[in-house]
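> Dropping in query13.cif, with mmCIF, C-alpha atoms and all ligand atoms.
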data_work
#
loop_
_atom_site.label_atom_id
_atom_site.label_comp_id
_atom_site.auth_asym_id
_atom_site.auth_seq_id
_atom_site.Cartn_x
_atom_site.Cartn_y
_atom_site.Cartn_z
CA MET K 824 82.68 134.48 77.82
CA ASP K 825 85.76 133.39 79.77
CA ARG K 826 87.26 130.11 78.75
CA ILE K 827 86.67 127.13 81.06
CA ARG K 828 89.85 126.34 82.92
CA VAL K 829 90.33 122.58 82.97
CA MET K 830 93.33 121.36 84.92
CA SER K 831 94.52 117.79 84.29
CA VAL K 832 96.47 116.35 87.22
CA PHE K 833 98.54 113.20 86.72
CA GLY K 834 101.82 111.72 87.84
CA THR K 835 102.63 108.22 86.62
CA ARG K 836 103.39 106.68 83.23
CA PRO K 837 99.98 105.06 82.64
CA GLU K 838 98.04 108.16 83.69
CA ALA K 839 100.15 110.26 81.32
CA ILE K 840 99.63 107.86 78.39
CA LYS K 841 95.88 107.87 78.92
CA MET K 842 95.55 111.60 79.66
CA ALA K 843 97.81 112.79 76.83
CA PRO K 844 95.23 112.45 74.03
CA LEU K 845 92.64 114.18 76.24
CA VAL K 846 94.95 117.09 77.04
CA LEU K 847 95.57 117.43 73.28
CA GLU K 848 91.83 117.28 72.58
CA LEU K 849 91.04 119.99 75.15
CA ALA K 850 93.80 122.21 73.82
CA LYS K 851 92.23 122.01 70.33
CA ARG K 852 88.90 123.40 71.57
CA PRO K 853 88.75 127.21 71.93
CA GLU K 854 86.25 127.13 74.80
CA PHE K 855 88.80 125.49 77.10
CA GLU K 856 92.00 126.67 78.71
CA SER K 857 93.87 123.41 79.28
CA ILE K 858 96.28 123.41 82.22
CA CYS K 859 98.58 120.49 82.92
CA CYS K 860 99.79 119.77 86.46
CA LEU K 861 102.15 116.86 87.14
CA SER K 862 102.60 115.47 90.62
CA GLY K 863 105.89 113.99 89.46
CA GLN K 864 105.12 110.68 91.24
CA HIS K 865 107.17 109.20 88.38
CA ARG K 866 110.09 111.06 86.84
CA GLU K 867 111.90 109.49 83.85
CA MET K 868 108.95 107.26 82.94
CA LEU K 869 106.62 110.28 82.98
CA GLN K 870 108.88 112.61 81.03
CA SER K 871 109.22 109.99 78.29
CA VAL K 872 105.43 110.12 77.72
CA MET K 873 105.36 113.93 77.78
CA ASP K 874 108.06 113.94 75.09
CA ILE K 875 106.31 111.43 72.82
CA PHE K 876 103.04 113.39 72.88
CA GLY K 877 104.74 116.80 72.83
CA LEU K 878 103.14 117.91 76.11
CA LYS K 879 104.49 120.63 78.40
CA ALA K 880 103.63 120.83 82.09
CA ASP K 881 102.37 124.13 83.50
CA TYR K 882 103.15 122.85 87.00
CA ASN K 883 105.32 119.99 88.24
CA LEU K 884 105.32 119.18 91.96
CA ASP K 885 108.28 116.87 91.36
CA ILE K 886 107.47 114.73 94.43
CA MET K 887 109.23 111.47 93.48
CA GLN K 888 111.61 109.93 96.00
CA LYS K 889 113.54 106.69 95.72
CA GLN K 890 111.43 103.82 97.11
CA GLN K 891 108.71 106.25 98.06
CA THR K 892 105.92 105.21 100.40
CA LEU K 893 102.21 105.58 99.78
CA SER K 894 102.01 108.19 102.55
CA SER K 895 104.80 110.26 101.08
CA ILE K 896 103.20 110.29 97.59
CA THR K 897 99.81 111.29 98.97
CA SER K 898 100.98 113.89 101.46
CA ARG K 899 103.53 115.53 99.17
CA THR K 900 100.97 115.78 96.37
CA LEU K 901 98.31 117.21 98.69
CA LEU K 902 100.67 119.83 100.09
CA GLY K 903 101.94 120.81 96.64
CA MET K 904 98.47 121.09 95.12
CA ASP K 905 97.33 123.86 97.50
CA ALA K 906 99.46 126.57 95.89
CA VAL K 907 98.78 125.30 92.35
CA ILE K 908 95.00 125.41 92.76
CA GLU K 909 95.15 128.82 94.39
CA GLN K 910 97.21 130.17 91.50
CA ALA K 911 95.58 128.38 88.55
CA LYS K 912 91.98 128.72 89.81
CA PRO K 913 90.63 125.84 87.71
CA ASP K 914 86.89 125.43 87.04
CA LEU K 915 87.34 121.66 86.84
CA ILE K 916 90.10 119.23 87.81
CA LEU K 917 90.54 116.02 85.84
CA VAL K 918 92.23 113.01 87.40
CA HIS K 919 92.79 109.60 85.88
CA GLY K 920 92.44 106.04 87.12
CA ASP K 921 93.64 104.77 90.45
CA THR K 922 97.10 105.85 91.49
CA SER K 923 98.01 107.73 94.66
CA THR K 924 98.31 110.89 92.54
CA THR K 925 94.72 110.31 91.37
CA PHE K 926 93.37 110.12 94.90
CA ALA K 927 95.48 112.98 96.28
CA GLY K 928 94.58 115.15 93.26
CA ALA K 929 90.88 114.51 93.80
CA LEU K 930 91.09 115.08 97.55
CA SER K 931 92.93 118.33 97.06
CA ALA K 932 90.29 119.50 94.55
CA PHE K 933 87.62 118.67 97.12
CA TYR K 934 89.42 120.65 99.82
CA HIS K 935 89.34 123.64 97.44
CA LYS K 936 85.73 122.95 96.38
CA VAL K 937 86.72 122.48 92.76
CA PRO K 938 84.61 119.84 90.94
CA VAL K 939 86.42 116.70 89.81
CA GLY K 940 86.10 114.75 86.56
CA HIS K 941 87.30 111.16 86.93
CA VAL K 942 88.65 109.63 83.74
CA GLU K 943 88.64 105.80 83.69
CA ALA K 944 85.99 105.66 86.42
CA GLY K 945 84.13 102.65 87.79
CA LEU K 946 86.72 99.85 87.48
CA ARG K 947 86.39 97.55 90.48
CA THR K 948 87.49 94.21 91.90
CA TYR K 949 85.66 94.85 95.19
CA ASP K 950 88.74 93.55 97.00
CA LYS K 951 90.36 96.39 98.98
CA TYR K 952 93.80 94.79 98.85
CA SER K 953 93.87 93.71 95.21
CA PRO K 954 95.02 95.69 93.41
CA TYR K 955 96.61 97.50 96.31
CA PRO K 956 96.26 100.42 96.86
CA GLU K 957 94.52 101.10 93.55
CA GLU K 958 91.10 99.64 94.42
CA MET K 959 90.71 102.05 97.32
CA ASN K 960 92.23 104.97 95.39
CA ARG K 961 89.64 104.68 92.64
CA THR K 962 86.71 104.03 94.99
CA LEU K 963 87.51 107.12 97.08
CA THR K 964 88.05 109.18 93.93
CA GLY K 965 84.63 108.03 92.72
CA ASP K 966 83.09 109.34 95.96
CA ILE K 967 84.61 112.76 95.34
CA ALA K 968 84.02 113.12 91.58
CA ALA K 969 81.16 115.08 90.03
CA LEU K 970 81.73 113.77 86.49
CA HIS K 971 82.51 110.08 85.98
CA PHE K 972 83.94 109.02 82.62
CA ALA K 973 83.49 105.26 82.61
CA PRO K 974 85.27 103.34 79.82
CA THR K 975 82.62 100.59 79.54
CA ALA K 976 78.94 100.04 80.32
CA ALA K 977 79.91 97.56 83.06
CA ASN K 978 82.13 100.21 84.72
CA ALA K 979 79.19 102.66 84.64
CA GLU K 980 76.93 99.99 86.13
CA ASN K 981 79.35 99.58 89.08
CA LEU K 982 79.05 103.30 89.79
CA ARG K 983 75.25 103.27 89.54
CA ARG K 984 75.10 100.30 91.91
CA GLU K 985 77.28 102.24 94.38
CA ARG K 986 74.92 105.23 93.97
CA VAL K 987 77.80 107.67 93.42
CA GLN K 988 76.77 111.30 93.13
CA GLY K 989 77.18 113.15 89.84
CA GLU K 990 76.88 112.42 86.14
CA ILE K 991 78.07 109.15 84.61
CA PHE K 992 79.14 108.98 80.95
CA VAL K 993 80.29 105.87 79.07
CA THR K 994 83.16 107.08 76.92
CA GLY K 995 85.48 104.20 76.02
CA ASN K 996 89.05 104.15 77.30
CA THR K 997 91.35 106.97 76.20
CA VAL K 998 94.19 104.46 75.78
CA ILE K 999 92.63 103.37 72.50
CA ASP K 1000 92.75 107.04 71.40
CA ALA K 1001 96.44 107.11 72.45
CA MET K 1002 97.20 104.08 70.28
CA ARG K 1003 96.07 106.03 67.23
CA TYR K 1004 99.14 108.21 67.75
CA THR K 1005 101.62 105.44 68.47
CA VAL K 1006 101.01 102.24 66.49
CA GLN K 1007 102.55 102.28 62.99
CA ARG K 1008 102.67 99.53 60.42
CA ASP K 1009 106.24 100.24 59.22
CA TYR K 1010 107.58 101.33 62.62
CA ARG K 1011 111.35 100.96 63.25
CA PHE K 1012 112.46 100.52 66.86
CA SER K 1013 115.04 102.89 68.26
CA THR K 1014 115.97 100.45 71.07
CA GLU K 1015 118.83 98.23 69.87
CA ALA K 1016 117.62 95.17 71.82
CA LEU K 1017 114.25 95.34 70.04
CA ASN K 1018 115.79 95.74 66.60
CA ALA K 1019 117.89 92.66 67.28
CA LEU K 1020 114.80 90.46 67.83
CA ASP K 1021 113.67 88.09 65.09
CA PHE K 1022 109.88 88.49 65.30
CA GLU K 1023 109.35 86.26 62.27
CA HIS K 1024 111.16 83.10 63.37
CA ARG K 1025 111.16 83.38 67.17
CA ARG K 1026 108.24 83.47 69.61
CA VAL K 1027 108.66 86.91 71.16
CA ILE K 1028 106.77 87.30 74.42
CA ALA K 1029 106.36 90.78 75.91
CA VAL K 1030 106.50 90.72 79.72
CA THR K 1031 105.86 93.36 82.37
CA CYS K 1032 105.44 92.98 86.11
CA HIS K 1033 105.44 95.72 88.70
CA ARG K 1034 102.40 95.68 91.00
CA ARG K 1035 102.83 96.25 94.72
CA GLU K 1036 100.62 93.27 95.67
CA ASN K 1037 102.97 91.05 93.62
CA TYR K 1038 106.09 92.12 95.55
CA GLY K 1039 107.74 89.13 97.26
CA ALA K 1040 106.49 85.56 96.74
CA PRO K 1041 104.08 86.22 93.81
CA MET K 1042 106.81 87.97 91.82
CA ARG K 1043 109.27 85.16 92.58
CA ASN K 1044 106.70 82.61 91.33
CA ILE K 1045 106.18 84.60 88.14
CA PHE K 1046 109.91 84.81 87.45
CA GLU K 1047 110.37 81.09 88.22
CA ALA K 1048 107.62 80.37 85.70
CA ILE K 1049 109.44 82.42 83.05
CA ARG K 1050 112.70 80.55 83.76
CA GLN K 1051 110.88 77.23 83.36
CA LEU K 1052 109.12 78.32 80.16
CA ALA K 1053 112.43 79.45 78.64
CA GLU K 1054 113.86 75.99 79.27
CA MET K 1055 110.79 74.21 77.88
CA HIS K 1056 110.60 76.44 74.78
CA PRO K 1057 113.96 77.21 73.18
CA GLU K 1058 112.08 79.03 70.39
CA ALA K 1059 110.75 81.65 72.86
CA GLU K 1060 112.32 85.03 73.65
CA PHE K 1061 111.04 87.04 76.60
CA VAL K 1062 111.36 90.83 76.39
CA TYR K 1063 110.86 92.49 79.73
CA PRO K 1064 111.25 96.27 80.04
CA VAL K 1065 111.84 96.41 83.78
CA HIS K 1066 110.05 99.12 85.77
CA LEU K 1067 112.38 101.56 87.55
CA SER K 1068 111.10 100.57 91.00
CA PRO K 1069 114.15 99.32 92.95
CA VAL K 1070 112.07 96.48 94.46
CA VAL K 1071 111.09 95.22 91.02
CA ARG K 1072 114.56 95.63 89.54
CA GLU K 1073 116.22 93.72 92.33
CA ALA K 1074 113.79 90.81 91.95
CA ALA K 1075 113.86 90.74 88.13
CA PHE K 1076 117.62 91.05 87.67
CA GLY K 1077 118.29 88.77 90.64
CA MET K 1078 116.22 85.93 89.18
CA LEU K 1079 116.34 86.35 85.39
CA ALA K 1080 119.57 88.07 84.39
CA ASP K 1081 121.34 84.76 83.69
CA VAL K 1082 118.69 83.37 81.30
CA PRO K 1083 119.88 84.02 77.72
CA GLN K 1084 116.34 83.95 76.26
CA VAL K 1085 115.19 86.64 78.70
CA HIS K 1086 115.99 90.21 77.69
CA LEU K 1087 115.80 92.55 80.65
CA ILE K 1088 115.82 96.07 79.30
CA ASP K 1089 115.12 99.53 80.71
CA PRO K 1090 111.60 100.91 80.35
CA ILE K 1091 110.92 101.79 76.73
CA ASP K 1092 108.89 104.73 75.51
CA VAL K 1093 105.22 104.17 74.82
CA GLN K 1094 105.61 104.17 71.05
CA GLU K 1095 108.24 101.42 71.30
CA MET K 1096 106.01 99.50 73.72
CA HIS K 1097 102.87 99.63 71.61
CA ASN K 1098 104.76 98.62 68.49
CA LEU K 1099 106.51 95.82 70.39
CA MET K 1100 103.09 94.49 71.41
CA ALA K 1101 101.82 94.82 67.85
CA ARG K 1102 104.64 92.52 66.68
CA CYS K 1103 104.97 90.03 69.53
CA PHE K 1104 103.51 86.51 69.87
CA MET K 1105 101.77 87.13 73.19
CA VAL K 1106 101.86 89.21 76.37
CA MET K 1107 102.38 88.18 80.01
CA THR K 1108 101.70 91.03 82.42
CA ASP K 1109 100.29 92.32 85.69
CA SER K 1110 99.78 95.76 84.15
CA GLY K 1111 96.36 97.34 83.80
CA GLY K 1112 97.09 99.20 80.58
CA LEU K 1113 98.55 96.23 78.72
CA GLN K 1114 95.32 94.28 79.34
CA GLU K 1115 93.49 96.93 77.32
CA GLU K 1116 96.07 97.50 74.60
CA ALA K 1117 97.04 93.93 73.65
CA PRO K 1118 93.47 92.77 72.84
CA ALA K 1119 93.07 95.71 70.47
CA LEU K 1120 96.22 94.47 68.72
CA GLY K 1121 94.97 90.87 68.52
CA LYS K 1122 97.53 89.49 71.01
CA PRO K 1123 96.67 86.92 73.69
CA VAL K 1124 97.33 88.10 77.23
CA LEU K 1125 98.05 86.08 80.36
CA VAL K 1126 97.33 88.29 83.37
CA LEU K 1127 99.74 87.65 86.23
CA ARG K 1128 97.31 88.58 89.00
CA ARG K 1129 94.67 86.93 91.14
CA GLU K 1130 91.85 89.11 89.84
CA THR K 1131 91.16 91.77 87.29
CA GLU K 1132 88.96 94.86 87.16
CA ARG K 1133 88.95 94.48 83.38
CA PRO K 1134 86.76 91.41 82.74
CA GLU K 1135 85.59 92.51 79.28
CA ALA K 1136 88.51 90.99 77.34
CA VAL K 1137 88.36 87.84 79.49
CA THR K 1138 84.75 87.44 78.38
CA ALA K 1139 85.76 88.17 74.79
CA GLY K 1140 88.32 85.33 75.08
CA THR K 1141 91.59 87.18 74.41
CA VAL K 1142 92.73 87.51 78.04
CA LYS K 1143 93.16 84.77 80.65
CA LEU K 1144 93.65 85.31 84.34
CA ALA K 1145 96.75 83.21 85.02
CA GLY K 1146 97.14 84.08 88.71
CA VAL K 1147 100.49 84.13 90.50
CA GLU K 1148 101.22 80.40 90.93
CA GLN K 1149 104.14 79.04 88.92
CA ALA K 1150 102.40 75.83 87.76
CA THR K 1151 99.31 77.59 86.39
CA ILE K 1152 101.30 80.28 84.60
CA VAL K 1153 103.53 77.63 83.00
CA ARG K 1154 100.55 75.49 81.97
CA LEU K 1155 98.68 78.38 80.31
CA ALA K 1156 101.73 79.81 78.53
CA ASP K 1157 102.85 76.34 77.41
CA GLU K 1158 99.41 75.74 75.91
CA LEU K 1159 99.62 78.90 73.82
CA LEU K 1160 103.18 78.09 72.71
CA SER K 1161 102.41 74.44 71.85
CA ASP K 1162 98.84 74.37 70.56
CA PRO K 1163 98.13 76.48 67.46
CA ALA K 1164 94.36 76.00 67.84
CA ALA K 1165 94.43 77.29 71.43
CA TYR K 1166 96.54 80.23 70.25
CA ARG K 1167 94.20 81.06 67.35
CA LYS K 1168 91.23 81.03 69.71
CA MET K 1169 92.78 83.79 71.80
CA ALA K 1170 94.56 85.79 69.09
CA LYS K 1171 91.71 87.81 67.72
CA ALA K 1172 91.46 91.57 67.74
CA VAL K 1173 88.69 92.78 70.02
CA ASN K 1174 87.99 96.28 71.25
CA PRO K 1175 85.73 96.19 74.28
CA TYR K 1176 87.59 99.12 75.81
CA GLY K 1177 87.05 101.82 73.24
CA ASP K 1178 86.72 103.00 69.66
CA GLY K 1179 89.40 105.69 69.69
CA SER K 1180 86.90 108.52 70.33
CA ALA K 1181 86.86 108.60 74.13
CA CYS K 1182 88.57 112.01 74.28
CA PRO K 1183 86.07 113.89 72.08
CA ARG K 1184 83.25 112.30 74.11
CA ILE K 1185 84.82 113.46 77.38
CA ALA K 1186 85.40 116.98 76.00
CA GLU K 1187 81.75 117.13 74.85
CA ALA K 1188 80.54 115.89 78.22
CA ILE K 1189 82.47 118.71 79.90
CA GLU K 1190 80.97 121.23 77.45
CA TRP K 1191 77.51 119.87 78.23
CA HIS K 1192 78.16 120.07 81.97
CA PHE K 1193 79.08 123.75 81.65
CA GLY K 1194 76.02 124.48 79.48
CA LEU K 1195 77.99 125.04 76.27
CA CYS K 1196 76.00 122.53 74.26
CA LYS K 1197 72.43 121.28 74.36
CA ASP K 1198 73.01 117.60 73.81
CA ARG K 1199 74.61 115.13 76.17
CA PRO K 1200 77.15 113.03 74.20
CA ALA K 1201 75.89 109.56 73.26
CA ASP K 1202 77.43 106.74 75.30
CA PHE K 1203 80.07 104.45 73.83
CA CYS K 1204 78.64 100.99 73.42
C1 LIG X 1 102.61 103.42 90.52
C2 LIG X 1 101.13 103.31 90.91
C3 LIG X 1 100.52 102.10 90.24
C4 LIG X 1 100.76 102.09 88.75
C5 LIG X 1 102.25 102.26 88.47
C6 LIG X 1 102.47 102.41 86.98
C7 LIG X 1 100.56 104.05 93.18
C8 LIG X 1 100.55 103.71 94.61
N1 LIG X 1 101.04 103.11 92.35
O1 LIG X 1 103.27 102.30 91.07
O2 LIG X 1 99.10 102.12 90.46
O3 LIG X 1 100.33 100.87 88.21
O4 LIG X 1 102.72 103.46 89.11
O5 LIG X 1 103.80 102.20 86.64
O6 LIG X 1 100.16 105.12 92.81
N2 LIG X 1 110.81 105.20 89.87
C9 LIG X 1 111.85 105.88 89.28
N3 LIG X 1 111.58 106.62 88.16
C10 LIG X 1 110.35 106.70 87.59
C11 LIG X 1 109.31 105.98 88.20
C12 LIG X 1 109.55 105.24 89.33
O7 LIG X 1 112.98 105.84 89.74
O8 LIG X 1 110.18 107.38 86.56
C13 LIG X 1 111.10 104.40 91.09
C14 LIG X 1 111.28 105.25 92.35
O9 LIG X 1 112.28 104.70 93.15
C15 LIG X 1 109.94 105.11 93.07
C16 LIG X 1 109.58 103.68 92.70
O10 LIG X 1 110.00 103.52 91.35
O11 LIG X 1 110.00 105.34 94.44
C17 LIG X 1 108.12 103.30 92.83
O12 LIG X 1 107.28 104.26 92.20
P1 LIG X 1 105.77 104.45 92.72
O13 LIG X 1 105.11 105.48 91.87
O14 LIG X 1 105.76 104.65 94.17
O15 LIG X 1 105.11 103.03 92.50
P2 LIG X 1 104.84 102.20 91.20
O16 LIG X 1 105.12 100.78 91.51
O17 LIG X 1 105.51 102.84 90.05
N1 LIG X 2 104.61 100.95 78.93
C1 LIG X 2 105.62 101.70 78.34
N2 LIG X 2 106.91 101.28 78.47
C2 LIG X 2 107.26 100.18 79.18
C3 LIG X 2 106.23 99.44 79.80
C4 LIG X 2 104.91 99.84 79.67
O1 LIG X 2 105.34 102.70 77.69
O2 LIG X 2 108.45 99.89 79.26
C5 LIG X 2 103.23 101.41 78.81
C6 LIG X 2 102.19 100.38 78.41
O3 LIG X 2 102.09 100.25 77.02
C7 LIG X 2 100.92 100.94 79.02
C8 LIG X 2 101.42 101.61 80.28
O4 LIG X 2 102.81 101.83 80.09
O5 LIG X 2 100.36 101.95 78.20
C9 LIG X 2 101.17 100.72 81.45
O6 LIG X 2 101.84 101.20 82.53
P1 LIG X 2 102.15 100.33 83.81
O7 LIG X 2 102.15 98.90 83.44
O8 LIG X 2 103.37 100.92 84.42
O9 LIG X 2 100.93 100.69 84.76
P2 LIG X 2 99.44 100.12 84.92
O10 LIG X 2 98.76 100.18 83.60
O11 LIG X 2 99.56 98.74 85.46
O12 LIG X 2 98.84 101.03 85.92
#
Just dump the structure as structure tokens.
Ligand code: UD1
Ligand code: UDP

Amino acid sequence: MDRIRVMSVFGTRPEAIKMAPLVLELAKRPEFESICCLSGQHREMLQSVMDIFGLKADYNLDIMQKQQTLSSITSRTLLGMDAVIEQAKPDLILVHGDTSTTFAGALSAFYHKVPVGHVEAGLRTYDKYSPYPEEMNRTLTGDIAALHFAPTAANAENLRRERVQGEIFVTGNTVIDAMRYTVQRDYRFSTEALNALDFEHRRVIAVTCHRRENYGAPMRNIFEAIRQLAEMHPEAEFVYPVHLSPVVREAAFGMLADVPQVHLIDPIDVQEMHNLMARCFMVMTDSGGLQEEAPALGKPVLVLRRETERPEAVTAGTVKLAGVEQATIVRLADELLSDPAAYRKMAKAVNPYGDGSACPRIAEAIEWHFGLCKDRPADFC
């Protein structure tokens, strides 16, 4: 029998990190021909992930433009995908998460009547503009998909409530699988600025901030809060690998470059990032991925957003929604820095997002869908 042609389409750093272990899993299984198509929505930040996981792209649409708009990402991906799908003739297209590449990849598959598998399906805030445009990207992708790989039972429940068509599987999040490759006990950083940090005697706080809905006033509030915290806590060091978005870089360097306890560095590769988180005191972020990774490493997280589609770690007590107001962010971070009991309460390793076996579950679900095995994989719970 011919092998099943599964084409994974992704384009940004977080999609690549979370799809990499799945691409590797598919490649291991003889019944699949695994094809990798990059939109190239990100460039340097994407290539860095491909290098760490040893992945090679079969296709790269290379669409990135400086300060690109949502329309340009979507339209350039859609136009580029036509020729790729015609040439590669995939039996299934996999997309991940909620970026503009995700949505455009799914829409293009639909136009070519190729079924879509949605990895990291069912996350919702039910607020169209937060996160923006991700909430709408993932909802529309859910409408198109035939196979929905939901990380948690609550994500699957969202999809059932919305009565999406197709099969829903609870798989765990593939990011926990990715961390099996990256986190090492005796890891040595290759970034000089990270090697220079004294993790034992200083309070090292890992920071990231990049979301579109935080552009402008929210981002200014967040950076003001960091300035204030640095003054209040001379024992703290903030390490912030700044996203390559020109909007973010202008704001971050404009407001924080003169604070000696704040280390603004270029984006680091995912192995450096995961091992930085494993060693830090706590994490302050508006990232989606960091909210899943830090709890698994036992690090408290303050989420610099108004809402989150990842409530599981909030319920487990290791993540707090800090919002985007300076006073609240300062109060919550100050509490963790000043009160050991409050810190201990949050610093416990929990793994609501996965057990490291999401990728084999997804591969088995695809096999089951194509009639290659009798049994549907058991849900992650
Ligand atoms: C995108 C996703 C967001 C995700 C984030 C992960 C959309 C609309 N947004 O947002 O969901 O959380 O990626 O990081 O899909 N740039 C470079 N080199 C790179 C990457 C980016 O120079 O390797 C610069 C470019 O000038 C680019 C800009 O960053 O125009 C913004 O990139 P873009 O993908 O549009 O938005 P993100 O904020 O990265
Ligand atoms: N990350 C990284 N290098 C960095 C910053 C983040 O490898 O300098 C990783 C991080 O560990 C996580 C992913 O990138 O796996 C998150 O990406 P991002 O915050 O850009 O996007 P989001 O998850 O918010 O969509």
> Give me the residues within 7 Å of range 1020-1037 of chain K as a ChimeraX atom specification, counting all atoms listed in the file and dropping any in the same chain fewer than 2 places off.
/K:953-955,1016-1018,1039,1041-1042,1058-1066,1071,1100,1102-1110
> Go ahead and write the residues just picked, C-alpha atoms, as a PDB file, keeping the file's coordinate frame.

ATOM      1  CA  SER K 953      93.870  93.710  95.210  1.00  0.00           C
ATOM      2  CA  PRO K 954      95.020  95.690  93.410  1.00  0.00           C
ATOM      3  CA  TYR K 955      96.610  97.500  96.310  1.00  0.00           C
ATOM      4  CA  ALA K1016     117.620  95.170  71.820  1.00  0.00           C
ATOM      5  CA  LEU K1017     114.250  95.340  70.040  1.00  0.00           C
ATOM      6  CA  ASN K1018     115.790  95.740  66.600  1.00  0.00           C
ATOM      7  CA  GLY K1039     107.740  89.130  97.260  1.00  0.00           C
ATOM      8  CA  PRO K1041     104.080  86.220  93.810  1.00  0.00           C
ATOM      9  CA  MET K1042     106.810  87.970  91.820  1.00  0.00           C
ATOM     10  CA  GLU K1058     112.080  79.030  70.390  1.00  0.00           C
ATOM     11  CA  ALA K1059     110.750  81.650  72.860  1.00  0.00           C
ATOM     12  CA  GLU K1060     112.320  85.030  73.650  1.00  0.00           C
ATOM     13  CA  PHE K1061     111.040  87.040  76.600  1.00  0.00           C
ATOM     14  CA  VAL K1062     111.360  90.830  76.390  1.00  0.00           C
ATOM     15  CA  TYR K1063     110.860  92.490  79.730  1.00  0.00           C
ATOM     16  CA  PRO K1064     111.250  96.270  80.040  1.00  0.00           C
ATOM     17  CA  VAL K1065     111.840  96.410  83.780  1.00  0.00           C
ATOM     18  CA  HIS K1066     110.050  99.120  85.770  1.00  0.00           C
ATOM     19  CA  VAL K1071     111.090  95.220  91.020  1.00  0.00           C
ATOM     20  CA  MET K1100     103.090  94.490  71.410  1.00  0.00           C
ATOM     21  CA  ARG K1102     104.640  92.520  66.680  1.00  0.00           C
ATOM     22  CA  CYS K1103     104.970  90.030  69.530  1.00  0.00           C
ATOM     23  CA  PHE K1104     103.510  86.510  69.870  1.00  0.00           C
ATOM     24  CA  MET K1105     101.770  87.130  73.190  1.00  0.00           C
ATOM     25  CA  VAL K1106     101.860  89.210  76.370  1.00  0.00           C
ATOM     26  CA  MET K1107     102.380  88.180  80.010  1.00  0.00           C
ATOM     27  CA  THR K1108     101.700  91.030  82.420  1.00  0.00           C
ATOM     28  CA  ASP K1109     100.290  92.320  85.690  1.00  0.00           C
ATOM     29  CA  SER K1110      99.780  95.760  84.150  1.00  0.00           C
TER      30      SER K1110
END
> Grab me every residue within 9 Å of ligand LIG 1 (chain X), counting all atoms listed in the file, and send it over as a VMD selection string.
chain K and resid 834 to 838 863 to 871 887 to 893 895 to 897 920 to 926 954 to 957 960 1033 to 1035 1066 to 1071 1109 to 1112
> Show me, as a ChimeraX atom specification, the residues that have an atom within 12 Å of Ile827 in chain K when counting only C-alpha atoms, minus same-chain residues fewer than 6 positions from it.
/K:849-850,852-858,911-916,1186,1189-1190,1192-1195
> Excluding Pro1123 in chain K and residues on its chain fewer than 2 positions from it, collect all residues at most 10 Å away from it, counting all atoms listed in the file, and give them as a list in words.
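The neighbour list is Cys1103, Phe1104, Met1105, Val1106, Met1107, Gln1114, Ala1117, Pro1118, Leu1120, Gly1121, Leu1125, Val1126, Ala1136, Gly1140, Thr1141, Val1142, Lys1143, Ala1156, Leu1159, Tyr1166, Arg1167, Lys1168, Met1169, Ala1170, Lys1171 and Ala1172 of chain K.
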> Kindly provide, as JSON, the centre and edge lengths (Å, one decimal) of an axis-aligned box around all atoms of ligand LIG 2 (chain X) given in the file, with 6 Å on each side.

{"center_x": 103.6, "center_y": 100.7, "center_z": 81.5, "size_x": 21.7, "size_y": 16.0, "size_z": 20.9}
> With a distance cut-off of 12 Å and all atoms listed in the file, select the neighbouring residues of Arg1008 in chain K, excluding the residue or stretch itself and same-chain residues fewer than 6 positions from it, and output the selection as number ranges by chain.
K: 1094, 1097-1099, 1101-1102, 1120
> Would you work out the distance separating CA of Gln910 in chain K from CA of Gly877 in chain K, expressed in Å to one decimal?
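Between CA of Gln910 in chain K and CA of Gly877 in chain K the gap works out to 24.2 Å.
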